[in-house]
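Shown here: run_12.cif, mmCIF, C-alpha atoms.
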```cif
data_input
loop_
_atom_site.group_PDB
_atom_site.id
_atom_site.type_symbol
_atom_site.label_atom_id
_atom_site.label_comp_id
_atom_site.auth_asym_id
_atom_site.auth_seq_id
_atom_site.Cartn_x
_atom_site.Cartn_y
_atom_site.Cartn_z
ATOM 1 C CA MET D 862 39.232 -71.275 5.459
ATOM 2 C CA LYS D 863 35.871 -72.084 7.007
ATOM 3 C CA LEU D 864 35.759 -74.417 9.994
ATOM 4 C CA SER D 865 33.644 -77.588 9.839
ATOM 5 C CA LEU D 866 33.045 -80.312 12.425
ATOM 6 C CA SER D 867 32.501 -83.880 11.266
ATOM 7 C CA VAL D 868 29.770 -85.824 13.020
ATOM 8 C CA ARG D 869 32.387 -88.591 13.041
ATOM 9 C CA ILE D 870 33.727 -87.305 16.355
ATOM 10 C CA ALA D 871 30.643 -88.742 18.059
ATOM 11 C CA GLU D 872 30.129 -91.844 15.912
ATOM 12 C CA ALA D 873 29.989 -95.302 17.398
ATOM 13 C CA ALA D 874 32.703 -97.703 16.228
ATOM 14 C CA CYS D 875 30.266 -99.303 13.774
ATOM 15 C CA LYS D 876 30.033 -95.967 11.886
ATOM 16 C CA THR D 877 26.261 -96.397 11.542
ATOM 17 C CA LYS D 878 24.998 -94.285 14.475
ATOM 18 C CA LEU D 879 25.968 -91.499 16.849
ATOM 19 C CA ASN D 880 26.660 -91.808 20.566
ATOM 20 C CA ILE D 881 25.157 -88.342 21.108
ATOM 21 C CA PRO D 882 21.815 -87.127 19.697
ATOM 22 C CA PHE D 883 22.359 -85.111 16.535
ATOM 23 C CA PRO D 884 20.639 -81.940 17.848
ATOM 24 C CA GLN D 885 23.275 -81.785 20.588
ATOM 25 C CA VAL D 886 26.102 -82.194 18.066
ATOM 26 C CA ALA D 887 24.689 -79.313 16.006
ATOM 27 C CA GLU D 888 24.271 -77.083 19.056
ATOM 28 C CA ILE D 889 27.810 -77.823 20.208
ATOM 29 C CA ALA D 890 29.293 -77.063 16.780
ATOM 30 C CA ALA D 891 27.509 -73.716 16.627
ATOM 31 C CA ALA D 892 28.504 -72.798 20.182
ATOM 32 C CA THR D 893 32.192 -73.645 19.771
ATOM 33 C CA GLY D 894 33.021 -71.692 16.642
ATOM 34 C CA TYR D 895 32.159 -73.879 13.642
ATOM 35 C CA ALA D 896 30.423 -72.651 10.499
ATOM 36 C CA ALA D 897 29.453 -76.082 9.236
ATOM 37 C CA LEU D 898 28.918 -79.755 9.913
ATOM 38 C CA CYS D 899 30.297 -82.533 7.732
ATOM 39 C CA MET D 900 27.357 -84.938 7.420
ATOM 40 C CA ARG D 901 27.636 -88.714 7.340
ATOM 41 C CA ALA D 902 25.148 -91.517 6.834
ATOM 42 C CA SER D 903 25.343 -92.294 10.550
ATOM 43 C CA VAL D 904 22.897 -89.369 10.871
ATOM 44 C CA VAL D 905 21.004 -89.387 7.564
ATOM 45 C CA GLY D 906 21.709 -90.759 4.105
ATOM 46 C CA VAL D 907 20.267 -92.629 1.154
ATOM 47 C CA HIS D 908 18.462 -94.940 3.576
ATOM 48 C CA SER D 909 16.599 -92.063 5.266
ATOM 49 C CA SER D 910 13.056 -90.888 4.656
ATOM 50 C CA GLN D 911 12.232 -87.437 3.318
ATOM 51 C CA ALA D 912 10.849 -86.531 6.737
ATOM 52 C CA GLU D 913 14.141 -87.492 8.396
ATOM 53 C CA LEU D 914 16.114 -85.416 5.898
ATOM 54 C CA GLU D 915 13.869 -82.420 6.480
ATOM 55 C CA GLU D 916 14.166 -82.774 10.251
ATOM 56 C CA VAL D 917 17.976 -82.765 10.095
ATOM 57 C CA ARG D 918 17.953 -79.803 7.704
ATOM 58 C CA SER D 919 15.742 -77.904 10.152
ATOM 59 C CA ILE D 920 18.123 -78.633 13.044
ATOM 60 C CA VAL D 921 21.105 -77.461 10.990
ATOM 61 C CA ASP D 922 19.322 -74.287 9.885
ATOM 62 C CA GLN D 923 18.187 -73.454 13.413
ATOM 63 C CA ALA D 924 21.777 -73.804 14.642
ATOM 64 C CA GLY D 925 22.905 -71.292 12.016
ATOM 65 C CA LEU D 926 25.134 -73.869 10.302
ATOM 66 C CA VAL D 927 25.553 -75.262 6.799
ATOM 67 C CA ILE D 928 26.551 -78.736 5.599
ATOM 68 C CA SER D 929 30.077 -78.670 4.189
ATOM 69 C CA MET D 930 29.834 -82.132 2.586
ATOM 70 C CA VAL D 931 27.600 -85.186 2.561
ATOM 71 C CA THR D 932 28.688 -88.816 2.787
ATOM 72 C CA ALA D 933 25.300 -90.322 2.066
ATOM 73 C CA ASP D 934 26.074 -94.042 1.777
ATOM 74 C CA LEU D 935 27.077 -96.095 4.821
ATOM 75 C CA ASN D 936 29.441 -98.212 2.707
ATOM 76 C CA ILE D 937 31.729 -95.299 1.837
ATOM 77 C CA PRO D 938 33.097 -94.548 5.352
ATOM 78 C CA GLN D 939 33.522 -98.292 5.830
ATOM 79 C CA ASN D 940 35.529 -98.367 2.575
ATOM 80 C CA ASN D 941 34.169 -101.806 1.736
ATOM 81 C CA LYS D 942 33.684 -103.487 -1.647
ATOM 82 C CA GLU D 943 30.183 -102.028 -1.900
ATOM 83 C CA ALA D 944 31.397 -98.432 -1.526
ATOM 84 C CA PRO D 945 31.691 -97.685 -5.286
ATOM 85 C CA ARG D 946 28.122 -98.808 -5.962
ATOM 86 C CA ALA D 947 26.856 -95.324 -5.127
ATOM 87 C CA LEU D 948 28.472 -94.094 -8.355
ATOM 88 C CA ARG D 949 26.273 -96.441 -10.374
ATOM 89 C CA GLN D 950 23.158 -94.928 -8.868
ATOM 90 C CA ILE D 951 24.175 -91.470 -7.755
ATOM 91 C CA GLU D 952 20.737 -89.832 -7.738
ATOM 92 C CA PRO D 953 19.861 -90.847 -4.123
ATOM 93 C CA SER D 954 23.105 -89.297 -2.851
ATOM 94 C CA LEU D 955 22.454 -86.142 -4.860
ATOM 95 C CA HIS D 956 18.972 -85.971 -3.373
ATOM 96 C CA VAL D 957 20.401 -86.149 0.158
ATOM 97 C CA ALA D 958 22.824 -83.326 -0.645
ATOM 98 C CA GLU D 959 20.064 -81.163 -2.084
ATOM 99 C CA ALA D 960 17.765 -81.847 0.864
ATOM 100 C CA LEU D 961 20.518 -80.775 3.271
ATOM 101 C CA GLY D 962 21.624 -77.785 1.201
ATOM 102 C CA SER D 963 25.095 -79.129 0.420
ATOM 103 C CA GLN D 964 26.935 -78.851 -2.893
ATOM 104 C CA MET D 965 29.498 -81.578 -2.197
ATOM 105 C CA VAL D 966 29.127 -85.383 -2.095
ATOM 106 C CA ARG D 967 31.860 -87.838 -1.137
ATOM 107 C CA VAL D 968 32.250 -90.939 -3.332
ATOM 108 C CA CYS D 969 34.610 -93.922 -3.576
ATOM 109 C CA LEU D 970 36.473 -95.610 -6.451
ATOM 110 C CA LYS D 971 38.125 -98.989 -5.980
ATOM 111 C CA THR D 972 38.972 -100.190 -9.504
ATOM 112 C CA GLU D 973 39.502 -98.866 -13.024
ATOM 113 C CA GLU D 974 36.014 -100.166 -13.818
ATOM 114 C CA ASP D 975 34.592 -97.456 -11.543
ATOM 115 C CA ILE D 976 35.978 -94.605 -13.673
ATOM 116 C CA PRO D 977 33.253 -94.585 -16.381
ATOM 117 C CA TYR D 978 30.610 -94.600 -13.645
ATOM 118 C CA ALA D 979 32.341 -91.652 -11.996
ATOM 119 C CA ARG D 980 32.068 -89.715 -15.256
ATOM 120 C CA GLN D 981 28.365 -90.517 -15.565
ATOM 121 C CA ALA D 982 27.767 -89.581 -11.935
ATOM 122 C CA CYS D 983 29.589 -86.275 -12.429
ATOM 123 C CA ASP D 984 27.410 -85.420 -15.411
ATOM 124 C CA LEU D 985 24.260 -86.024 -13.359
ATOM 125 C CA ALA D 986 25.676 -84.077 -10.419
ATOM 126 C CA ALA D 987 26.612 -81.153 -12.670
ATOM 127 C CA GLU D 988 22.953 -80.743 -13.619
ATOM 128 C CA ARG D 989 22.297 -79.949 -9.944
ATOM 129 C CA GLY D 990 25.408 -77.848 -9.362
ATOM 130 C CA ILE D 991 26.971 -80.520 -7.118
ATOM 131 C CA GLN D 992 30.640 -81.515 -6.807
ATOM 132 C CA LEU D 993 31.714 -85.125 -6.312
ATOM 133 C CA VAL D 994 34.859 -85.502 -4.215
ATOM 134 C CA HIS D 995 37.164 -88.334 -3.220
ATOM 135 C CA GLN D 996 39.228 -88.487 -0.055
ATOM 136 C CA PHE D 997 42.828 -89.624 -0.073
ATOM 137 C CA HIS D 998 42.368 -92.978 1.664
ATOM 138 C CA PRO D 999 44.040 -96.402 1.981
ATOM 139 C CA ALA D 1000 42.757 -99.332 -0.096
ATOM 140 C CA CYS D 1001 41.218 -97.415 -3.001
ATOM 141 C CA LEU D 1002 42.334 -95.658 -6.201
ATOM 142 C CA PHE D 1003 43.278 -92.577 -4.180
ATOM 143 C CA GLU D 1004 46.094 -93.928 -1.990
ATOM 144 C CA GLU D 1005 49.056 -92.356 -3.795
ATOM 145 C CA LEU D 1006 49.258 -88.795 -5.055
ATOM 146 C CA GLY D 1007 50.642 -89.545 -8.516
ATOM 147 C CA LYS D 1008 48.162 -92.326 -9.242
ATOM 148 C CA SER D 1009 45.333 -90.181 -7.894
ATOM 149 C CA ILE D 1010 46.187 -87.424 -10.385
ATOM 150 C CA GLU D 1011 46.174 -90.001 -13.190
ATOM 151 C CA VAL D 1012 42.672 -91.117 -12.174
ATOM 152 C CA LEU D 1013 41.469 -87.509 -11.964
ATOM 153 C CA LYS D 1014 42.714 -86.898 -15.503
ATOM 154 C CA GLN D 1015 40.916 -90.011 -16.710
ATOM 155 C CA ILE D 1016 37.651 -88.908 -15.083
ATOM 156 C CA ASP D 1017 38.177 -85.473 -16.652
ATOM 157 C CA ARG D 1018 35.201 -83.687 -15.138
ATOM 158 C CA PRO D 1019 35.384 -80.175 -13.637
ATOM 159 C CA ASN D 1020 33.025 -81.176 -10.810
ATOM 160 C CA PHE D 1021 35.168 -84.096 -9.600
ATOM 161 C CA GLY D 1022 37.806 -83.188 -7.038
ATOM 162 C CA LEU D 1023 39.884 -84.126 -4.022
ATOM 163 C CA ILE D 1024 39.550 -84.085 -0.267
ATOM 164 C CA TYR D 1025 43.013 -83.358 1.111
ATOM 165 C CA GLU D 1026 43.712 -85.545 4.141
ATOM 166 C CA PRO D 1027 47.341 -85.578 5.309
ATOM 167 C CA ALA D 1028 47.017 -88.534 7.701
ATOM 168 C CA SER D 1029 45.910 -90.847 4.882
ATOM 169 C CA LEU D 1030 48.747 -89.607 2.683
ATOM 170 C CA LEU D 1031 51.194 -90.279 5.533
ATOM 171 C CA MET D 1032 49.674 -93.745 6.015
ATOM 172 C CA CYS D 1033 50.456 -94.515 2.375
ATOM 173 C CA GLY D 1034 53.987 -93.098 2.473
ATOM 174 C CA GLN D 1035 53.118 -89.961 0.489
ATOM 175 C CA ASP D 1036 54.206 -86.346 0.751
ATOM 176 C CA TYR D 1037 51.459 -84.154 2.184
ATOM 177 C CA GLY D 1038 53.291 -80.835 2.296
ATOM 178 C CA ILE D 1039 53.460 -77.707 0.165
ATOM 179 C CA GLU D 1040 54.683 -79.354 -3.036
ATOM 180 C CA ALA D 1041 52.015 -82.052 -2.790
ATOM 181 C CA MET D 1042 49.339 -79.394 -2.367
ATOM 182 C CA ARG D 1043 50.603 -77.499 -5.386
ATOM 183 C CA THR D 1044 50.319 -80.712 -7.400
ATOM 184 C CA MET D 1045 46.728 -81.342 -6.304
ATOM 185 C CA GLN D 1046 45.655 -77.684 -6.341
ATOM 186 C CA PRO D 1047 43.551 -77.842 -9.568
ATOM 187 C CA TRP D 1048 41.383 -80.536 -7.989
ATOM 188 C CA LEU D 1049 41.457 -79.424 -4.333
ATOM 189 C CA ARG D 1050 37.880 -79.017 -3.093
ATOM 190 C CA ASN D 1051 37.857 -79.950 0.617
ATOM 191 C CA ALA D 1052 40.240 -80.590 3.514
ATOM 192 C CA TYR D 1053 40.064 -82.961 6.479
ATOM 193 C CA VAL D 1054 42.514 -83.246 9.335
ATOM 194 C CA GLN D 1055 43.360 -86.164 11.610
ATOM 195 C CA ASN D 1056 46.539 -86.824 13.598
ATOM 196 C CA LEU D 1057 48.391 -90.089 14.025
ATOM 197 C CA VAL D 1058 51.803 -91.692 14.231
ATOM 198 C CA ILE D 1059 52.883 -94.779 12.298
ATOM 199 C CA THR D 1060 54.362 -97.092 14.943
ATOM 200 C CA ALA D 1061 54.849 -100.826 15.387
ATOM 201 C CA GLU D 1062 53.436 -100.422 18.888
ATOM 202 C CA GLY D 1063 50.256 -98.816 17.576
ATOM 203 C CA PRO D 1064 47.036 -100.400 18.848
ATOM 204 C CA ASP D 1065 45.269 -99.826 15.505
ATOM 205 C CA HIS D 1066 46.067 -100.760 11.932
ATOM 206 C CA LEU D 1067 44.862 -100.156 8.387
ATOM 207 C CA GLU D 1068 45.524 -102.180 5.257
ATOM 208 C CA THR D 1069 47.006 -100.216 2.369
ATOM 209 C CA TRP D 1070 47.448 -101.534 -1.160
ATOM 210 C CA CYS D 1071 50.776 -99.769 -1.628
ATOM 211 C CA LEU D 1072 52.545 -100.563 1.683
ATOM 212 C CA GLY D 1073 50.587 -103.431 3.239
ATOM 213 C CA GLU D 1074 49.325 -103.302 6.804
ATOM 214 C CA ARG D 1075 50.186 -100.085 8.653
ATOM 215 C CA PRO D 1076 50.068 -100.019 12.474
ATOM 216 C CA PHE D 1077 49.324 -96.622 13.972
ATOM 217 C CA ARG D 1078 48.194 -94.702 17.020
ATOM 218 C CA LEU D 1079 45.900 -91.681 17.001
ATOM 219 C CA LEU D 1080 47.294 -88.529 18.573
ATOM 220 C CA PRO D 1081 45.581 -85.357 19.769
ATOM 221 C CA TYR D 1082 45.763 -82.587 17.173
ATOM 222 C CA TRP D 1083 47.731 -80.468 19.625
ATOM 223 C CA ASP D 1084 50.300 -83.206 20.393
ATOM 224 C CA GLU D 1085 53.757 -81.654 20.740
ATOM 225 C CA SER D 1086 55.857 -84.814 20.586
ATOM 226 C CA GLY D 1087 56.779 -84.203 16.952
ATOM 227 C CA GLN D 1088 55.699 -87.748 16.030
ATOM 228 C CA GLY D 1089 52.513 -87.022 14.121
ATOM 229 C CA ILE D 1090 51.392 -84.763 11.301
ATOM 230 C CA ASP D 1091 53.396 -81.563 10.783
ATOM 231 C CA PHE D 1092 50.443 -79.198 10.933
ATOM 232 C CA ALA D 1093 52.611 -76.122 10.485
ATOM 233 C CA GLU D 1094 53.484 -77.572 7.078
ATOM 234 C CA VAL D 1095 49.830 -78.419 6.405
ATOM 235 C CA PHE D 1096 48.544 -74.922 7.086
ATOM 236 C CA SER D 1097 51.473 -73.277 5.324
ATOM 237 C CA GLY D 1098 50.697 -75.375 2.265
ATOM 238 C CA LEU D 1099 47.007 -74.510 2.311
ATOM 239 C CA LYS D 1100 47.916 -70.821 2.521
ATOM 240 C CA ALA D 1101 50.438 -71.236 -0.305
ATOM 241 C CA VAL D 1102 47.729 -72.520 -2.664
ATOM 242 C CA ASP D 1103 45.193 -69.967 -1.356
ATOM 243 C CA TYR D 1104 42.781 -72.658 -0.206
ATOM 244 C CA GLN D 1105 39.507 -71.043 0.856
ATOM 245 C CA GLY D 1106 37.248 -74.050 1.366
ATOM 246 C CA PHE D 1107 36.240 -75.911 4.500
ATOM 247 C CA MET D 1108 38.674 -77.327 7.031
ATOM 248 C CA THR D 1109 37.019 -80.237 8.800
ATOM 249 C CA ILE D 1110 37.876 -81.765 12.159
ATOM 250 C CA HIS D 1111 37.451 -85.397 11.178
ATOM 251 C CA GLN D 1112 39.169 -87.613 13.756
ATOM 252 C CA ALA D 1113 37.311 -90.623 15.163
ATOM 253 C CA GLU D 1114 36.980 -89.953 18.883
ATOM 254 C CA GLY D 1115 33.955 -92.047 19.889
ATOM 255 C CA ILE D 1116 32.809 -89.299 22.248
ATOM 256 C CA VAL D 1117 29.831 -90.427 24.325
ATOM 257 C CA THR D 1118 28.777 -87.364 26.346
ATOM 258 C CA ALA D 1119 27.734 -83.881 25.292
ATOM 259 C CA ASP D 1120 30.126 -82.311 27.816
ATOM 260 C CA ASP D 1121 33.075 -84.183 26.316
ATOM 261 C CA ALA D 1122 31.988 -83.233 22.803
ATOM 262 C CA ARG D 1123 31.729 -79.575 23.774
ATOM 263 C CA ALA D 1124 35.162 -79.502 25.407
ATOM 264 C CA TYR D 1125 36.777 -81.378 22.521
ATOM 265 C CA SER D 1126 35.146 -79.256 19.809
ATOM 266 C CA ARG D 1127 36.144 -76.028 21.544
ATOM 267 C CA ARG D 1128 39.743 -77.115 21.965
ATOM 268 C CA CYS D 1129 39.930 -78.138 18.296
ATOM 269 C CA SER D 1130 38.576 -74.800 17.069
ATOM 270 C CA GLU D 1131 41.041 -72.938 19.297
ATOM 271 C CA TRP D 1132 43.849 -75.146 17.979
ATOM 272 C CA ILE D 1133 43.021 -74.308 14.357
ATOM 273 C CA ASP D 1134 42.731 -70.615 15.246
ATOM 274 C CA SER D 1135 46.309 -70.752 16.486
ATOM 275 C CA PHE D 1136 47.481 -71.417 12.905
ATOM 276 C CA SER D 1137 45.510 -68.473 11.559
ATOM 277 C CA SER D 1138 46.854 -65.867 13.971
#
```
Give the structure from the file, written as structure tokens.
Amino acid sequence: MKLSLSVRIAEAACKTKLNIPFPQVAEIAAATGYAALCMRASVVGVHSSQAELEEVRSIVDQAGLVISMVTADLNIPQNNKEAPRALRQIEPSLHVAEALGSQMVRVCLKTEEDIPYARQACDLAAERGIQLVHQFHPACLFEELGKSIEVLKQIDRPNFGLIYEPASLLMCGQDYGIEAMRTMQPWLRNAYVQNLVITAEGPDHLETWCLGERPFRLLPYWDESGQGIDFAEVFSGLKAVDYQGFMTIHQAEGIVTADDARAYSRRCSEWIDSFSS
């Protein structure tokens, strides 16, 4: 597996900008053991000029990194009703991916009506050698594993796949272990990790379609309370299916200083290394 750092760690709560200048995020990722950055529209996206895209590409190249995946539309991380619209006009997102040198674009489906547009978008993406991928996530067609596989079969395109994300599967009451990974293996293209515990005392909550509102609390990846994600199971499962793609540190941390970002990124890379030894 190749290690990737999501710019989300330094995003403001609005998910539309970073708290730390992007050049610092890139430098920190390179210095703390990452091979890639996971790009989001809080840095550049379909709203950005060609000059802005080229500037970010130059920063990434100079840091010796690549872009593991692009989320080019601000609506997709916000998971709002506008998120699937990118499928209806996928070319701007494909252009962002090409400009940044990435072969993977995150999309969102909310209803059965989005499926034909996903097929069309895949066909356009295939012409450019680009994969479209969908994260397991509450309040979309990819909440539950079984239903997600049904949607994948309906889309029926070799360049449409899954982003494995165990915290979202846990949020929706789904298995995220070895058997789940074997089920999703034909479509597995990317992997994110976050850590949380479902608890009535949790300060945060997310609305799911399958289980209603779910209160939760974020936990450090290296939490040893046994309450959160079983990462031994996660990494054992990824090894069992011979996953060789990117593993992305994706947790929202709202980091506001470069020193904090550096310390956090280093500890995360060391934590992942502990599962590879």
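Contact shell of Ile976 of chain D at 12 Å (only C-alpha atoms; same-chain neighbours under 3 positions omitted): Pro945, Arg946, Leu948, Arg949, Val968, Cys969, Leu970, Lys971, Thr972, Glu973, Ala979, Arg980, Gln981, Ala982, Cys983, Leu1002, Ser1009, Glu1011, Val1012, Leu1013, Lys1014, Gln1015, Ile1016, Asp1017, Arg1018 and Phe1021 of chain D.
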Translate the PyMOL selection byres ((chain D and resi 1028-1031) around 7), as applied to the file shown, into an explicit residue set as a ChimeraX atom specification. /D:997-999,1004,1026-1027,1032-1037,1055-1057,1090
Expected selection from the PyMOL selection byres ((chain D and resi 895) around 7), given as a ChimeraX atom specification: /D:864-866,890-891,893-894,896-897
Given the selection you just returned, output its residues as a file containing C-alpha atoms, formatted as a PDB file, in the coordinates of the input.
```pdb
ATOM      1  CA  LEU D 864      35.759 -74.417   9.994  1.00  0.00           C
ATOM      2  CA  SER D 865      33.644 -77.588   9.839  1.00  0.00           C
ATOM      3  CA  LEU D 866      33.045 -80.312  12.425  1.00  0.00           C
ATOM      4  CA  ALA D 890      29.293 -77.063  16.780  1.00  0.00           C
ATOM      5  CA  ALA D 891      27.509 -73.716  16.627  1.00  0.00           C
ATOM      6  CA  THR D 893      32.192 -73.645  19.771  1.00  0.00           C
ATOM      7  CA  GLY D 894      33.021 -71.692  16.642  1.00  0.00           C
ATOM      8  CA  ALA D 896      30.423 -72.651  10.499  1.00  0.00           C
ATOM      9  CA  ALA D 897      29.453 -76.082   9.236  1.00  0.00           C
TER      10      ALA D 897
END
```
Enumerate, as a tab-separated table (two decimals) with C-alpha atoms, in the coordinates of the input, the residues matched when the PyMOL selection byres ((chain D and resi 1066) around 10) is run on the file above.
```
chain	number	residue	atom	x	y	z
D	1032	MET	CA	49.67	-93.74	6.02
D	1059	ILE	CA	52.88	-94.78	12.30
D	1060	THR	CA	54.36	-97.09	14.94
D	1061	ALA	CA	54.85	-100.83	15.39
D	1063	GLY	CA	50.26	-98.82	17.58
D	1064	PRO	CA	47.04	-100.40	18.85
D	1065	ASP	CA	45.27	-99.83	15.50
D	1067	LEU	CA	44.86	-100.16	8.39
D	1068	GLU	CA	45.52	-102.18	5.26
D	1069	THR	CA	47.01	-100.22	2.37
D	1074	GLU	CA	49.32	-103.30	6.80
D	1075	ARG	CA	50.19	-100.08	8.65
D	1076	PRO	CA	50.07	-100.02	12.47
D	1077	PHE	CA	49.32	-96.62	13.97
D	1078	ARG	CA	48.19	-94.70	17.02
```
Between atom CA of Ile889 of chain D and atom CA of Arg918 of chain D, distance in Å (one decimal): 16.0 Å
Return as JSON the centre and edge lengths, in Å with one decimal, of the box along x, y and z that encloses every atom of segment 1061-1068 of chain D in the file, padded by 6 Å per side.
```
{"center_x": 49.9, "center_y": -100.5, "center_z": 12.1, "size_x": 22.0, "size_y": 15.4, "size_z": 25.6}
```
Applying 9 Å and all atoms listed in the file, which residues near Ala947 of chain D remain after dropping the ones on its own chain fewer than 4 positions away? List them as a list in words.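 In the requested form, the answer reads Ala933, Asp934, Asn936, Ile937, Glu943, Ile951, Glu952, Pro953, Ser954, Val968, Cys969 and Ala982 of chain D.
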Find the residues near segment 1105-1112 of chain D: any atom within 7 Å, counting all atoms listed in the file, skip ones fewer than 2 places away on the same chain, and give them as a ChimeraX atom specification. /D:862-867,869-870,929,1050-1055,1103,1114
Name all residues at most 8 Å from Gly962 of chain D (count only C-alpha atoms; drop same-chain ones fewer than 4 positions away) and give them as a ChimeraX atom specification. /D:918,927-928,958
Give the answer as one residue: which of D:Gly925, D:Gly1089, D:Gly1098, D:Pro1081 has the shortest atom-to-atom distance to Arg1128 of chain D, using only C-alpha atoms? D:Pro1081
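The spacing separating atom CA of Ser1097 of chain D from atom CA of Met1042 of chain D amounts to 10.1 Å.
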One number please: atom CA of Tyr1025 of chain D to atom CA of Gly990 of chain D, in Å, one decimal.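 Atom CA of Tyr1025 of chain D sits 21.2 Å away from atom CA of Gly990 of chain D.
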Selected residue, from D:Cys1071, D:Met930, D:Cys899, D:Leu961, that lies nearest to Cys1001 of chain D when counting all atoms listed in the file: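 Of D:Cys1071, D:Met930, D:Cys899, D:Leu961, the one nearest Cys1001 of chain D is D:Cys1071, counting all atoms listed in the file.
Comparing the minimum interatomic distances between Glu1005 of chain D and each of D:Trp1070, D:Ser1135, D:Ala1124, D:Leu1049, counting all atoms listed in the file, we find that D:Trp1070 sits nearest.
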Spatial sel., origin (43.8, -69.5, 8.2), limit 8 Å, all atoms listed in the file, listed as an mmCIF file with C-alpha atoms, in the coordinates of the input:
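File part.cif, as written:
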```
data_model
loop_
_atom_site.group_PDB
_atom_site.id
_atom_site.type_symbol
_atom_site.label_atom_id
_atom_site.label_comp_id
_atom_site.auth_asym_id
_atom_site.auth_seq_id
_atom_site.Cartn_x
_atom_site.Cartn_y
_atom_site.Cartn_z
ATOM 1 C CA MET D 862 39.232 -71.275 5.459
ATOM 2 C CA PHE D 1096 48.544 -74.922 7.086
ATOM 3 C CA LYS D 1100 47.916 -70.821 2.521
ATOM 4 C CA ILE D 1133 43.021 -74.308 14.357
ATOM 5 C CA ASP D 1134 42.731 -70.615 15.246
ATOM 6 C CA PHE D 1136 47.481 -71.417 12.905
ATOM 7 C CA SER D 1137 45.510 -68.473 11.559
ATOM 8 C CA SER D 1138 46.854 -65.867 13.971
#
```
I need the residue nearest Val886 of chain D from this list: D:Thr1118, D:Ser919, D:Thr932, D:Thr1044. Use all atoms listed in the file for the distance.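 Distance minimum relative to Val886 of chain D lands on D:Thr1118.
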Pick from D:Ala871, D:Asp975, D:Gln885, D:Val957: nearest to His908 of chain D, with all atoms listed in the file counted? D:Val957
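Using only C-alpha atoms, the nearest neighbour of Thr877 of chain D within the list D:Gln1088, D:Gln939, D:Pro1019, D:Ser910 is D:Gln939.
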Requested file, segment 1027-1040 of chain D restricted to C-alpha atoms, as a CSV table (one decimal), in the first residue's frame:
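As a result, out-v6.csv now contains:
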```
chain,number,residue,atom,x,y,z
D,1027,PRO,CA,-14.5,1.5,7.5
D,1028,ALA,CA,-15.8,4.4,9.7
D,1029,SER,CA,-18.7,5.1,7.3
D,1030,LEU,CA,-19.5,1.4,7.1
D,1031,LEU,CA,-19.6,1.3,11.0
D,1032,MET,CA,-21.8,4.4,11.0
D,1033,CYS,CA,-24.3,2.5,8.9
D,1034,GLY,CA,-24.2,-0.7,10.9
D,1035,GLN,CA,-22.2,-2.6,8.3
D,1036,ASP,CA,-19.4,-5.2,8.5
D,1037,TYR,CA,-16.0,-3.6,7.5
D,1038,GLY,CA,-13.8,-6.6,8.1
D,1039,ILE,CA,-12.2,-9.4,6.0
D,1040,GLU,CA,-15.4,-10.9,4.6
```
